[in-house]
Amino acid sequence: MKEAVMDMTHMLADRATSIPDNPFASADSRVARAMAQGADVIDLSKGNPDGEPPEFMIEAAVAASHDPTDFRYAPFDGKPAYLEAAAHWYLQEHDLSLDPVTQLLAVSGASVGIGLTIQTLVNPGDLVVVPGPYYPQYEGSTAVAQGRLHALPTDEEHGFLPDLSAVPESVWREAKLLILNYPNNPTGAAATPEFFAQAVALAKRYQFVIMHDFAYAGIGFDAHPPISLLSTPGAVDVAVELCSLSKMYMIAGWRGGFVAGNPELMHALKMVHRQTSLLMGTTVQDAGAAGLNSDQATVRVLAERYKKRFRTLQQGLAQAGLKVCDSHGGLFAWMKVPDGVSDAEFSKWMLAEAGVAVIAGSDFGPTGAGYVRLSLLKPESDLAEAAKRIADARK
């Protein structure tokens, strides 16, 4: 008698069947296929840092790897020295005093913090509001929590900042969580003190939480560095902020970051984190502490490097007749596609005809349609060559 085969689709939780595809994984597959067929590809689809961390952080990691105390599990919420270093960073860079014990949590990267915050706050059916275009994980993690995502429109004319005063009151009344991300991925938009103050006032009035994804802290192109939401008066009453070591110190593969903010929210995040998440590695915490306790000179050098790369790419693509929107920071350039073609079609054309891989703007939500995102994580010579290839292919 033939055994019945179990249909596993009926065994899956609803949350597992409603998750959108990861566009970055899809891009990796497209690039891999093209290269396997012999294509010479300049891959500008990745947000993967292309340099090395400061030497003093490497030395700290090496020393930590020989420390017997680092052979053991880390404390659940983070090593005290690491949390104190994060508090020092906030005080030094943002003139903000935080309690390392009640207002900080070590996490294995800002992505962990995103999922953790959404999982802690969002029940099935809850509304999550985010300016569009947005980092795709916001949608994916909201889908896992079975929440609803509402994207606020933005445009180049207004610096890709949403007009919060134009949002219908019904949206704010329903909102459980507002996600902000500045400097922004993918647009390079920067928040102003006035914008953050308005968001905080709305959160207090309508009783929702703000999560600020500050992954690109320190990576600014303007005279003044990017600002922390938590430095806004009253923000600690309603908000948490996520920071990443990956971008500031080029240690993406080490996986490190922290969450900071309202003590009551932080307590809840810690309870969920203790049950669901892998603890941040002990050696990474020691190396991270060295970075956070430094004078941040290496971060400023890095920001200047990305600014120069951005200008090289923007100017090169202008010669190809393409408009790259101005940017205030981060690791990416946001380019408008030519009239009469979709962003998905144009990104495929760039890979096939110019050998340049990018991400279609619609992968960052419907408000990203009509644009593509290009990474700055290649040497200036590669970015100049990518622009030249695109210009030659368009002739």
# chains A, B, ... in the order shown; residues from 1 in each chain; ligands from 1

call {"tool": "closest_atom_pairs", "arguments": {"of": "stretch 39-140 of chain A", "to": "stretch 212-230 of chain A", "cutoff": "8 Å", "atoms": "only C-alpha atoms", "output": "CSV"}}
result
residue,atom,partner,partner_atom,distance
A:His94,CA,A:Ser228,CA,6.7
A:Leu96,CA,A:Leu230,CA,7.7
A:Ala110,CA,A:Ala215,CA,6.5
A:Ile114,CA,A:Asp213,CA,7.6

call {"tool": "residues_around", "arguments": {"residues": "A:Asp343", "least_positions_apart": "5", "cutoff": "7 Å", "atoms": "only C-alpha atoms", "output": "list in words"}}
result
Val337, Ala360, Gly361, Ser362, Ala369, Gly370, Tyr371 and Val372 of chain A

call {"tool": "write_last_selection", "arguments": {"atoms": "N, CA, C and O atoms", "output": "PDB file, in the first residue's frame"}}
result
ATOM      1  N   VAL A 337      14.554  56.965 -13.827  1.00  0.00           N
ATOM      2  CA  VAL A 337      14.703  56.238 -15.086  1.00  0.00           C
ATOM      3  C   VAL A 337      14.125  57.097 -16.218  1.00  0.00           C
ATOM      4  O   VAL A 337      13.327  58.009 -15.986  1.00  0.00           O
ATOM      5  N   ALA A 360      15.743  47.843  -8.787  1.00  0.00           N
ATOM      6  CA  ALA A 360      14.600  48.625  -9.264  1.00  0.00           C
ATOM      7  C   ALA A 360      13.932  49.345  -8.104  1.00  0.00           C
ATOM      8  O   ALA A 360      13.778  48.795  -7.005  1.00  0.00           O
ATOM      9  N   GLY A 361      13.515  50.590  -8.349  1.00  0.00           N
ATOM     10  CA  GLY A 361      12.911  51.388  -7.290  1.00  0.00           C
ATOM     11  C   GLY A 361      11.642  50.794  -6.724  1.00  0.00           C
ATOM     12  O   GLY A 361      11.336  50.970  -5.539  1.00  0.00           O
ATOM     13  N   SER A 362      10.874  50.095  -7.543  1.00  0.00           N
ATOM     14  CA  SER A 362       9.628  49.508  -7.046  1.00  0.00           C
ATOM     15  C   SER A 362       9.871  48.398  -6.042  1.00  0.00           C
ATOM     16  O   SER A 362       8.943  47.986  -5.340  1.00  0.00           O
ATOM     17  N   ALA A 369       8.557  53.485  -7.595  1.00  0.00           N
ATOM     18  CA  ALA A 369       8.461  53.249  -9.039  1.00  0.00           C
ATOM     19  C   ALA A 369       9.004  54.448  -9.805  1.00  0.00           C
ATOM     20  O   ALA A 369       8.790  55.601  -9.433  1.00  0.00           O
ATOM     21  N   GLY A 370       9.726  54.142 -10.897  1.00  0.00           N
ATOM     22  CA  GLY A 370      10.276  55.202 -11.725  1.00  0.00           C
ATOM     23  C   GLY A 370      11.703  55.571 -11.387  1.00  0.00           C
ATOM     24  O   GLY A 370      12.274  56.482 -11.997  1.00  0.00           O
ATOM     25  N   TYR A 371      12.297  54.843 -10.442  1.00  0.00           N
ATOM     26  CA  TYR A 371      13.678  55.100 -10.040  1.00  0.00           C
ATOM     27  C   TYR A 371      14.434  53.778  -9.932  1.00  0.00           C
ATOM     28  O   TYR A 371      13.839  52.696  -9.907  1.00  0.00           O
ATOM     29  N   VAL A 372      15.752  53.863  -9.862  1.00  0.00           N
ATOM     30  CA  VAL A 372      16.587  52.713  -9.518  1.00  0.00           C
ATOM     31  C   VAL A 372      17.591  53.157  -8.455  1.00  0.00           C
ATOM     32  O   VAL A 372      17.935  54.335  -8.361  1.00  0.00           O
TER      33      VAL A 372
END

call {"tool": "select_by_dssp", "arguments": {"residues": "stretch 43-267 of chain A", "states": "helix (DSSP H, G or I)", "output": "CSV table (one decimal) with N, CA and C atoms, in the first residue's frame"}}
result
chain,number,residue,atom,x,y,z
A,55,GLU,N,42.1,49.9,12.0
A,55,GLU,CA,43.0,49.0,12.5
A,55,GLU,C,42.9,48.7,14.0
A,56,PHE,N,42.5,49.8,14.7
A,56,PHE,CA,42.4,49.6,16.2
A,56,PHE,C,41.2,48.7,16.5
A,57,MET,N,40.2,48.7,15.6
A,57,MET,CA,39.1,47.8,15.9
A,57,MET,C,39.5,46.3,15.6
A,58,ILE,N,40.3,46.1,14.5
A,58,ILE,CA,40.8,44.8,14.2
A,58,ILE,C,41.7,44.3,15.4
A,59,GLU,N,42.5,45.2,15.9
A,59,GLU,CA,43.4,44.8,17.0
A,59,GLU,C,42.5,44.5,18.3
A,60,ALA,N,41.5,45.2,18.5
A,60,ALA,CA,40.6,44.9,19.6
A,60,ALA,C,39.9,43.6,19.5
A,61,ALA,N,39.5,43.3,18.2
A,61,ALA,CA,38.8,42.0,18.0
A,61,ALA,C,39.8,40.8,18.2
A,62,VAL,N,41.1,41.0,17.7
A,62,VAL,CA,42.1,40.0,17.9
A,62,VAL,C,42.4,39.7,19.4
A,63,ALA,N,42.5,40.8,20.1
A,63,ALA,CA,42.8,40.7,21.5
A,63,ALA,C,41.6,40.0,22.2
A,64,ALA,N,40.4,40.4,21.8
A,64,ALA,CA,39.2,39.8,22.5
A,64,ALA,C,39.1,38.3,22.2
A,65,SER,N,39.6,37.9,21.0
A,65,SER,CA,39.5,36.5,20.7
A,65,SER,C,40.4,35.6,21.5
A,68,PRO,N,39.7,34.8,27.7
A,68,PRO,CA,38.9,33.7,28.1
A,68,PRO,C,37.5,34.1,28.5
A,69,THR,N,37.3,35.3,28.9
A,69,THR,CA,35.9,35.7,29.3
A,69,THR,C,35.0,35.8,28.0
A,70,ASP,N,35.7,36.0,26.9
A,70,ASP,CA,34.9,36.0,25.6
A,70,ASP,C,34.6,34.7,25.0
A,71,PHE,N,35.1,33.6,25.7
A,71,PHE,CA,34.7,32.3,25.2
A,71,PHE,C,33.4,31.9,25.7
A,80,PRO,N,28.4,45.0,29.6
A,80,PRO,CA,28.3,46.3,30.2
A,80,PRO,C,29.3,47.3,29.5
A,81,ALA,N,30.5,46.9,29.2
A,81,ALA,CA,31.4,47.8,28.5
A,81,ALA,C,30.9,48.2,27.2
A,82,TYR,N,30.3,47.4,26.5
A,82,TYR,CA,29.7,47.7,25.1
A,82,TYR,C,28.6,48.7,25.3
A,83,LEU,N,27.7,48.4,26.2
A,83,LEU,CA,26.5,49.3,26.4
A,83,LEU,C,27.0,50.7,26.9
A,84,GLU,N,28.0,50.7,27.7
A,84,GLU,CA,28.5,52.0,28.2
A,84,GLU,C,29.2,52.7,27.0
A,85,ALA,N,29.8,52.0,26.1
A,85,ALA,CA,30.4,52.6,24.9
A,85,ALA,C,29.3,53.2,24.0
A,86,ALA,N,28.2,52.5,23.9
A,86,ALA,CA,27.1,53.1,23.1
A,86,ALA,C,26.6,54.3,23.7
A,87,ALA,N,26.5,54.3,25.1
A,87,ALA,CA,26.0,55.5,25.8
A,87,ALA,C,27.0,56.7,25.6
A,88,HIS,N,28.3,56.4,25.7
A,88,HIS,CA,29.3,57.4,25.4
A,88,HIS,C,29.2,58.0,24.0
A,89,TRP,N,28.9,57.1,23.0
A,89,TRP,CA,28.8,57.6,21.7
A,89,TRP,C,27.6,58.6,21.6
A,90,TYR,N,26.5,58.2,22.2
A,90,TYR,CA,25.3,59.1,22.2
A,90,TYR,C,25.7,60.5,22.8
A,91,LEU,N,26.4,60.4,23.9
A,91,LEU,CA,26.7,61.7,24.6
A,91,LEU,C,27.7,62.5,23.8
A,92,GLN,N,28.7,61.8,23.2
A,92,GLN,CA,29.7,62.5,22.5
A,92,GLN,C,29.2,63.1,21.1
A,93,GLU,N,28.4,62.3,20.4
A,93,GLU,CA,28.0,62.7,19.1
A,93,GLU,C,26.7,63.4,19.0
A,94,HIS,N,25.8,63.2,20.0
A,94,HIS,CA,24.5,63.7,20.0
A,94,HIS,C,24.0,64.4,21.2
A,110,ALA,N,21.4,46.1,12.9
A,110,ALA,CA,20.2,46.8,12.9
A,110,ALA,C,19.0,46.0,12.4
A,111,SER,N,19.3,45.1,11.5
A,111,SER,CA,18.2,44.3,10.9
A,111,SER,C,17.5,43.5,12.0
A,112,VAL,N,18.3,43.0,12.9
A,112,VAL,CA,17.7,42.3,14.1
A,112,VAL,C,16.8,43.2,14.9
A,113,GLY,N,17.3,44.5,15.0
A,113,GLY,CA,16.5,45.4,15.8
A,113,GLY,C,15.2,45.8,15.1
A,114,ILE,N,15.2,45.8,13.8
A,114,ILE,CA,14.0,46.1,13.0
A,114,ILE,C,12.9,45.0,13.3
A,115,GLY,N,13.3,43.8,13.1
A,115,GLY,CA,12.4,42.7,13.3
A,115,GLY,C,12.0,42.6,14.7
A,116,LEU,N,12.9,42.8,15.6
A,116,LEU,CA,12.6,42.7,17.1
A,116,LEU,C,11.6,43.8,17.5
A,117,THR,N,11.7,45.0,17.0
A,117,THR,CA,10.8,46.1,17.4
A,117,THR,C,9.4,45.8,16.8
A,118,ILE,N,9.4,45.4,15.6
A,118,ILE,CA,8.1,45.1,15.0
A,118,ILE,C,7.4,44.0,15.7
A,119,GLN,N,8.2,42.9,15.9
A,119,GLN,CA,7.6,41.8,16.6
A,119,GLN,C,7.1,42.1,18.0
A,120,THR,N,7.8,43.0,18.7
A,120,THR,CA,7.4,43.4,20.0
A,120,THR,C,6.1,44.3,20.1
A,121,LEU,N,5.9,45.1,19.0
A,121,LEU,CA,4.8,46.1,19.0
A,121,LEU,C,3.6,45.7,18.2
A,136,PRO,N,13.1,47.4,2.3
A,136,PRO,CA,12.2,46.3,2.1
A,136,PRO,C,11.9,45.5,3.4
A,137,GLN,N,12.8,45.5,4.3
A,137,GLN,CA,12.6,44.7,5.5
A,137,GLN,C,11.4,45.2,6.4
A,138,TYR,N,11.1,46.5,6.2
A,138,TYR,CA,10.0,47.0,7.0
A,138,TYR,C,8.7,46.3,6.6
A,139,GLU,N,8.6,46.1,5.3
A,139,GLU,CA,7.4,45.4,4.8
A,139,GLU,C,7.4,43.9,5.1
A,140,GLY,N,8.6,43.3,5.0
A,140,GLY,CA,8.7,41.9,5.3
A,140,GLY,C,8.5,41.6,6.7
A,141,SER,N,9.1,42.4,7.7
A,141,SER,CA,8.9,42.1,9.1
A,141,SER,C,7.4,42.4,9.5
A,142,THR,N,6.8,43.4,8.9
A,142,THR,CA,5.4,43.7,9.2
A,142,THR,C,4.5,42.5,8.7
A,143,ALA,N,4.9,41.9,7.6
A,143,ALA,CA,4.1,40.8,7.1
A,143,ALA,C,4.3,39.6,8.0
A,144,VAL,N,5.5,39.4,8.6
A,144,VAL,CA,5.7,38.3,9.5
A,144,VAL,C,4.8,38.5,10.8
A,156,GLU,N,10.9,64.3,-4.9
A,156,GLU,CA,12.2,65.0,-5.0
A,156,GLU,C,12.0,66.4,-4.6
A,157,GLU,N,10.9,67.0,-5.0
A,157,GLU,CA,10.7,68.5,-4.8
A,157,GLU,C,10.8,68.8,-3.3
A,158,HIS,N,10.4,67.9,-2.5
A,158,HIS,CA,10.4,68.1,-1.0
A,158,HIS,C,11.4,67.3,-0.3
A,164,LEU,N,4.0,65.4,6.8
A,164,LEU,CA,3.3,64.7,7.9
A,164,LEU,C,2.0,65.4,8.1
A,165,SER,N,1.9,66.7,7.9
A,165,SER,CA,0.7,67.5,8.2
A,165,SER,C,-0.4,67.1,7.1
A,166,ALA,N,0.0,66.6,6.0
A,166,ALA,CA,-1.0,66.2,5.0
A,166,ALA,C,-1.6,64.8,5.1
A,169,GLU,N,-6.0,62.3,9.2
A,169,GLU,CA,-6.0,62.0,10.6
A,169,GLU,C,-6.4,60.5,10.9
A,170,SER,N,-7.2,59.9,10.0
A,170,SER,CA,-7.6,58.5,10.2
A,170,SER,C,-6.4,57.6,10.2
A,171,VAL,N,-5.4,57.9,9.4
A,171,VAL,CA,-4.1,57.1,9.4
A,171,VAL,C,-3.5,57.2,10.8
A,172,TRP,N,-3.3,58.4,11.3
A,172,TRP,CA,-2.6,58.5,12.6
A,172,TRP,C,-3.4,57.9,13.7
A,173,ARG,N,-4.7,57.9,13.6
A,173,ARG,CA,-5.6,57.3,14.7
A,173,ARG,C,-5.4,55.8,14.7
A,174,GLU,N,-5.1,55.2,13.5
A,174,GLU,CA,-5.0,53.8,13.4
A,174,GLU,C,-3.5,53.3,13.7
A,193,PRO,N,15.6,68.9,12.3
A,193,PRO,CA,15.1,68.9,13.6
A,193,PRO,C,13.6,69.2,13.6
A,194,GLU,N,13.1,70.0,12.7
A,194,GLU,CA,11.7,70.4,12.7
A,194,GLU,C,10.8,69.2,12.3
A,195,PHE,N,11.4,68.4,11.3
A,195,PHE,CA,10.6,67.2,10.9
A,195,PHE,C,10.5,66.2,12.1
A,196,PHE,N,11.6,65.9,12.8
A,196,PHE,CA,11.6,65.0,13.9
A,196,PHE,C,10.6,65.5,15.0
A,197,ALA,N,10.7,66.8,15.3
A,197,ALA,CA,9.8,67.4,16.3
A,197,ALA,C,8.3,67.2,15.9
A,198,GLN,N,8.0,67.4,14.7
A,198,GLN,CA,6.6,67.2,14.2
A,198,GLN,C,6.2,65.7,14.4
A,199,ALA,N,7.1,64.8,14.1
A,199,ALA,CA,6.8,63.4,14.2
A,199,ALA,C,6.6,63.0,15.7
A,200,VAL,N,7.4,63.5,16.6
A,200,VAL,CA,7.3,63.3,18.0
A,200,VAL,C,5.9,63.8,18.5
A,201,ALA,N,5.6,65.0,18.1
A,201,ALA,CA,4.3,65.6,18.5
A,201,ALA,C,3.1,64.8,18.1
A,202,LEU,N,3.2,64.3,16.9
A,202,LEU,CA,2.1,63.4,16.4
A,202,LEU,C,2.0,62.1,17.2
A,203,ALA,N,3.2,61.6,17.5
A,203,ALA,CA,3.2,60.3,18.2
A,203,ALA,C,2.5,60.5,19.6
A,204,LYS,N,2.8,61.6,20.2
A,204,LYS,CA,2.3,61.9,21.5
A,204,LYS,C,0.8,62.2,21.4
A,205,ARG,N,0.4,62.9,20.4
A,205,ARG,CA,-1.0,63.2,20.2
A,205,ARG,C,-1.9,62.0,19.9
A,206,TYR,N,-1.4,61.1,19.1
A,206,TYR,CA,-2.2,60.0,18.6
A,206,TYR,C,-1.8,58.7,19.2
A,229,LEU,N,17.2,60.9,16.2
A,229,LEU,CA,15.8,61.2,16.6
A,229,LEU,C,15.7,61.4,18.1
A,230,LEU,N,16.5,60.6,18.9
A,230,LEU,CA,16.4,60.7,20.3
A,230,LEU,C,16.9,62.0,20.9
A,231,SER,N,17.6,62.8,20.1
A,231,SER,CA,18.0,64.1,20.6
A,231,SER,C,16.9,65.1,20.5
A,235,ALA,N,11.4,62.9,22.5
A,235,ALA,CA,11.4,61.7,21.7
A,235,ALA,C,11.6,60.4,22.5
A,236,VAL,N,12.3,60.5,23.6
A,236,VAL,CA,12.6,59.3,24.4
A,236,VAL,C,11.3,58.8,25.0
A,237,ASP,N,10.3,59.7,25.1
A,237,ASP,CA,8.9,59.3,25.6
A,237,ASP,C,8.2,58.4,24.7
A,245,LEU,N,26.8,49.0,13.6
A,245,LEU,CA,28.2,49.2,13.5
A,245,LEU,C,28.7,48.9,12.1
A,246,SER,N,27.9,48.2,11.3
A,246,SER,CA,28.3,47.8,9.9
A,246,SER,C,28.7,49.0,9.1
A,247,LYS,N,27.9,50.0,9.0
A,247,LYS,CA,28.1,51.1,8.1
A,247,LYS,C,29.2,52.1,8.6
A,248,MET,N,29.2,52.4,9.9
A,248,MET,CA,30.1,53.3,10.5
A,248,MET,C,31.6,52.8,10.5
A,249,TYR,N,31.7,51.5,10.7
A,249,TYR,CA,33.0,50.9,10.9
A,249,TYR,C,33.4,49.8,9.9
A,252,ALA,N,30.3,44.8,8.4
A,252,ALA,CA,29.0,44.1,8.1
A,252,ALA,C,29.0,42.6,8.4
A,253,GLY,N,30.2,42.0,8.1
A,253,GLY,CA,30.2,40.5,8.4
A,253,GLY,C,30.3,40.2,9.9
A,254,TRP,N,30.6,41.1,10.7
A,254,TRP,CA,30.7,40.8,12.1
A,254,TRP,C,29.4,40.9,12.8
A,263,PRO,N,12.7,53.6,28.2
A,263,PRO,CA,13.0,52.5,29.1
A,263,PRO,C,11.9,51.4,29.1
A,264,GLU,N,10.6,51.8,29.1
A,264,GLU,CA,9.5,50.8,29.1
A,264,GLU,C,9.5,50.0,27.8
A,265,LEU,N,9.7,50.7,26.7
A,265,LEU,CA,9.8,49.9,25.4
A,265,LEU,C,11.0,49.0,25.4
A,266,MET,N,12.1,49.6,25.9
A,266,MET,CA,13.3,48.8,25.9
A,266,MET,C,13.2,47.5,26.7
A,267,HIS,N,12.5,47.6,27.9
A,267,HIS,CA,12.3,46.4,28.7
A,267,HIS,C,11.5,45.4,27.9

call {"tool": "closest_atom_pairs", "arguments": {"of": "stretch 326-382 of chain A", "to": "stretch 24-33 of chain A", "cutoff": "10 Å", "atoms": "only C-alpha atoms", "output": "Markdown table"}}
result
| residue | atom | partner | partner_atom | distance |
| --- | --- | --- | --- | --- |
| A:Lys348 | CA | A:Arg30 | CA | 9.3 |
| A:Leu351 | CA | A:Val31 | CA | 8.1 |
| A:Gly355 | CA | A:Val31 | CA | 9.4 |
| A:Val356 | CA | A:Val31 | CA | 9.2 |
| A:Ala357 | CA | A:Val31 | CA | 6.9 |
| A:Val358 | CA | A:Ala27 | CA | 7.9 |
| A:Ile359 | CA | A:Ala27 | CA | 7.1 |
| A:Ala360 | CA | A:Ala27 | CA | 9.5 |
| A:Asp363 | CA | A:Phe24 | CA | 9.0 |

call {"tool": "closest_residue", "arguments": {"among": "A:Gly365, A:Gly188, A:Gly288, A:Gly281", "to": "A:Gly329", "atoms": "only C-alpha atoms"}}
result
A:Gly188

call {"tool": "select_by_dssp", "arguments": {"residues": "stretch 59-284 of chain A", "states": "strand (DSSP E or B)", "output": "number ranges by chain"}}
result
A: 104-107, 127-131, 148-152, 175-180, 209-214, 220, 239-244, 257-261
